[in-house]
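J.: Right, I'll just put the structure down here and ask away after.
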Amino acid sequence: MCGIIGATANRDVVPILIEGLHRLEYRGYDSAGVAVASESGLNHKKTVGQVSVLEHAVTEAKLSGHCGIGHTRWATHGKPTEINAHPHGSSESLALVHNGIIENHSVLREKLMTHGYVFVSETDTEVIAHLIHFHLTQSPSAEDRLTVIQKALGELEGAYAIAVIFADMADHLFGARMGSPLVVGVSSGEGYLASDPLALLQVTDQMRYLENGDVVVLTPDECTITDLKGKQQVREVERFQHGDQAADKGSYRHFMLKEIFEQPRAIKDTLSDKVGQSRLLDEALGVDGLSMLKDIEQLHIVACGTSFHAGLVAKYWFESKANIAVSVEVASEYRYRDPCVPENCAFLCISQSGETADTLAALRYAKEKEYVTTIGLCNMPGATLVREADIRLLTHAGIEVGVASTKAFTTQLVVLFWLAQVMSKARGHLNKAQELNVVQGLHALPDQVALAGEQSSMIEKLAFDLVDKPHCLFLGRGLHYPVAMEGALKLKEISYIHAEAYPAGELKHGPLALVDEQMPVITVAPDDHLLEKLKSNLQEVSARGGELINFVSKSVSLDETDAKHSIQVEGMEGDLSPIVASIPLQLLAYYVALHKGTDIDRPRNLAKSVTVE
Ligand code: G6P
């Protein structure tokens with residue numbers, strides 16, 4: 001997955017492109033490039049590494065122009081080299097940037113080679129550039145670039161969002177989308193394109209969200225959108241709602257730390273349209289939402305990564321509160337099998353970005369099946385997932401920049417808990433007094449999350465103990481098993497320490513063989529009905545010399561387990577404990593990575609939003 005940006009204006013657009021690429025770096029950051037059109041033709045600069053390297057090269061070269069495109073790459077076809085970096089061109093007549101994967105690129109490459117095209121890169125993108133050029137040479141009217149682009153795109157199989165400029169049309173910016181996201185930014189006398197509105201908030205908050213199959217041509221004063229056959233399409237201008245706060249780390253060293261400490265605010269905002277003074281606001285499900293969901297017997301939850309872990313926690317809530325049988329599955333598996341869809345079953349997909357290719361494919365697949373309805377839970381109001389799901393639920397975490405998800409996860413949990421309780425009420429399992437309890441618990445949550453964050457300096461110290469460890473085990477039981485999985489994922493994502501989570505009761509069936517003085521075992525110990533069982537599991541670890549680090553409820557004493565560290569966390573009891581317990585685990589991963597000196601906000605090989613398969 002990569003990030004693309006384009007701009008056409010009556011001023012130099014290079015600073016806009018560079019700033020946009022900085023904001024898109026979360027989508028990939030192994031190489032970057034820009035190309036601009038001017039009277040002297042097309043000029044470009046490409047560099048390996050982060051956008052700051054490109055910025056330096058562009059300044060040195062004094063690159064400028066009124067119309068241009070830019071790209072930050074996350075390698076899929078070919079290594080991160082200058083040659084493979086975008087933009088790619090053809091015969092110096094056009095430059096193109098691409099996000100996505102062209103599945104029939106080998107066939108097209110061979111065909112184009114027979115027409116004399118020479119490929120310099122290993123990318124699938126270069127195929128698109130040459131293909132457009134090929135159709136340009138075949139076209140009786142070279143001026144009609146839209147038709148030429150439509151013809152070329154008609155030959156592509158796979159996913160793409162592209163931006164193209166031509167040497168002989170120095171103020172025209174072209175774009176198209178199929179599968180991968182692309183948004184048009186609207187401003188007086190200027191036109192923009194980007195993979196994410198975030199990249200454009202520096203210049204406008206007015207967006208037109210392109211749909212699959214849209215092709216757009218922008219000049220400083222005009223925006224024309226057609227489909228692949230040339231039929232005009234109308235995409236209304238919408239104001240982007242998140243505000244331009246994301247690119248700013250404030251006084252924090254990393255976005256991830258800022259986002260961890262933003263969780264009380266993010267949770268409060270997420271609750272604002274879902275919980276009133278004394279009742280759960282089921283209106284947030286939309287006009288027919290509740291009536292569609294009220295009588296379902298089963299729920300299929302599908303997601304990827306951290307969002308998948310949120311789904312795993314939610315299973316416990318939906319089953320225990322609302323008596324709905326739940327299955328939870330990763331999207332990349334679900335989309336390629338033939339799942340049984342029982343009667344009265346709804347589909348729920350969870351995605352922070354709403355653009356994850358596997359999750360979107362799963363949603364589309366689900367829409368062909370006999371589900372009662374589809375629900376999309378997302379953090380980005382304009383995302384494809386929000387547009388395509390029947391029922392939309394939004395977290396209001398604000399833009400999350402750190403690749404390792406934190407506030408998006410806890411706000412997802414908040415909405416999932418709320419939904420389980422809304423369904424419980426609708427099905428007669430929650431009386432007025434119980435509802436009031438739930439409401440009060442949710443209103444108290446932001447403060448509890450803030451309190452959990454106060455353990456930060458203690459966690460910072462204990463993190464030193466993990467820095468040199470190659471492996472780590474995480475244990476939890478019940479609702480806190482998926483919390484342990486998320487803790488392990490955080491640690492491996494940003495500190496590169498191999499970490500696995502187990503339900504504590506499963507320890508003796510294999511992983512106990514790994515436990516010795518070199519194996520830190522991190523446990524999540526809330527004050528719940530499984531505590532005594534968990535204590536026995538911890539005894540099994542300390543008896544083998546394992547180094548226990550426990551995050552325990554304030555009301556729990558675990559002295560007898562000889563833990564190396566026991567950190568007491570307020571609020572780790574009751575239904576909402578998984579949300580509170582996630583905070584120290586996020587902090588632990590953060591500080592281990594900080595002590596190791598890794599690139600915390602942009603861990604190697606990963607990207608924030610995986611818009612390719
Ligand atoms: C990537 C990110 C993860 C994220 C996953 C799903 O792998 O690095 O942090 O959990 O995608 O993303 P989504 O936007 O669908 O929640």
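Ligands are numbered from 1 in the order shown, residues from 1 within each chain, and chains are lettered A, B, ... in the order they appear in the structure tokens.
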Find the residues near ligand 1. Use a cut-off of 6 Å, count only C-alpha atoms and all ligand atoms, and write them as a PyMOL selection string.

T.: chain A and resi 304-307+351-354+356+403-405+606-610

J.: Name the residues in contact with A:Asp205 at a cut-off of 8 Å, using only C-alpha atoms, excluding same-chain residues fewer than 6 positions from it; report them as a list in words.

T.: Gly185, Val186, Pro197, Arg239, Phe240, Gln241 and Gly243 of chain A

J.: Hey, what does DSSP flag as strand (DSSP E or B) within stretch 12-184 of chain A? Can you give it to me as a PyMOL selection string?

T.: chain A and resi 31-38+41-48+67-73+88-90+94-102+158-166+169-179+183-184

J.: If I take atom CA of A:Asn10 and atom CA of A:Leu63, how far is one from the other in Å, to one decimal?

T.: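 Those two atoms sit 15.7 Å apart.
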
J.: If you count only C-alpha atoms, which residues fall within 7 Å of stretch 481-492 of chain A, apart from same-chain ones fewer than 5 positions away, as a list in words?

T.: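 Close residues of stretch 481-492 of chain A: Thr306, His309, Leu312, Val313, Ala404, Phe474, Leu475, Gly476, Ile497, His498, Ala499, Glu500, Ala501, Tyr502, Pro503, Val524, Pro578, Ser582, Leu585, Gln586 and Ala589 of chain A.
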
J.: Grab the residues selected above and save them as a CSV table (one decimal), in the first residue's frame with N, CA and C atoms.

T.:
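Here's the written file result-v2.csv:
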chain,number,residue,atom,x,y,z
A,306,THR,N,-5.5,-5.4,14.6
A,306,THR,CA,-6.0,-4.9,15.9
A,306,THR,C,-7.6,-5.0,15.9
A,309,HIS,N,-8.9,-8.2,16.9
A,309,HIS,CA,-8.9,-8.4,18.3
A,309,HIS,C,-10.0,-7.8,19.0
A,312,LEU,N,-12.8,-10.1,18.7
A,312,LEU,CA,-12.7,-11.2,19.6
A,312,LEU,C,-13.2,-10.9,21.0
A,313,VAL,N,-12.9,-9.7,21.5
A,313,VAL,CA,-13.4,-9.2,22.8
A,313,VAL,C,-14.9,-9.1,22.7
A,404,ALA,N,0.9,1.5,14.9
A,404,ALA,CA,0.3,0.6,15.9
A,404,ALA,C,-0.9,1.2,16.5
A,474,PHE,N,2.4,-13.7,26.4
A,474,PHE,CA,1.3,-12.9,27.1
A,474,PHE,C,0.2,-13.9,27.4
A,475,LEU,N,-0.3,-13.8,28.7
A,475,LEU,CA,-1.4,-14.7,29.1
A,475,LEU,C,-2.6,-13.9,29.5
A,476,GLY,N,-3.8,-14.4,29.3
A,476,GLY,CA,-5.0,-13.8,29.8
A,476,GLY,C,-6.1,-14.9,29.8
A,497,ILE,N,10.1,-7.7,19.0
A,497,ILE,CA,10.3,-8.9,19.9
A,497,ILE,C,9.2,-9.9,19.5
A,498,HIS,N,9.6,-11.1,19.4
A,498,HIS,CA,8.6,-12.1,19.1
A,498,HIS,C,7.7,-12.3,20.3
A,499,ALA,N,6.4,-12.1,20.1
A,499,ALA,CA,5.5,-12.2,21.3
A,499,ALA,C,4.3,-13.0,20.8
A,500,GLU,N,3.8,-13.9,21.7
A,500,GLU,CA,2.6,-14.7,21.4
A,500,GLU,C,1.7,-14.7,22.6
A,501,ALA,N,0.4,-14.7,22.4
A,501,ALA,CA,-0.5,-14.7,23.5
A,501,ALA,C,-1.2,-16.1,23.6
A,502,TYR,N,-1.4,-16.5,24.8
A,502,TYR,CA,-2.1,-17.8,25.0
A,502,TYR,C,-3.2,-17.6,26.1
A,503,PRO,N,-4.3,-18.3,26.0
A,503,PRO,CA,-5.3,-18.3,27.1
A,503,PRO,C,-4.5,-19.1,28.2
A,524,VAL,N,-2.4,-10.6,32.2
A,524,VAL,CA,-3.4,-9.6,32.5
A,524,VAL,C,-4.4,-10.2,33.5
A,578,PRO,N,-11.5,-4.9,29.9
A,578,PRO,CA,-10.6,-5.1,28.8
A,578,PRO,C,-10.1,-3.8,28.2
A,582,SER,N,-6.1,-2.6,28.4
A,582,SER,CA,-5.3,-2.4,27.2
A,582,SER,C,-4.3,-1.3,27.3
A,585,LEU,N,-0.7,-2.2,28.5
A,585,LEU,CA,0.0,-3.1,27.5
A,585,LEU,C,0.5,-2.2,26.4
A,586,GLN,N,-0.3,-1.2,26.0
A,586,GLN,CA,0.1,-0.3,24.9
A,586,GLN,C,1.4,0.5,25.4
A,589,ALA,N,4.5,-1.8,25.4
A,589,ALA,CA,5.1,-2.0,24.0
A,589,ALA,C,5.8,-0.7,23.6
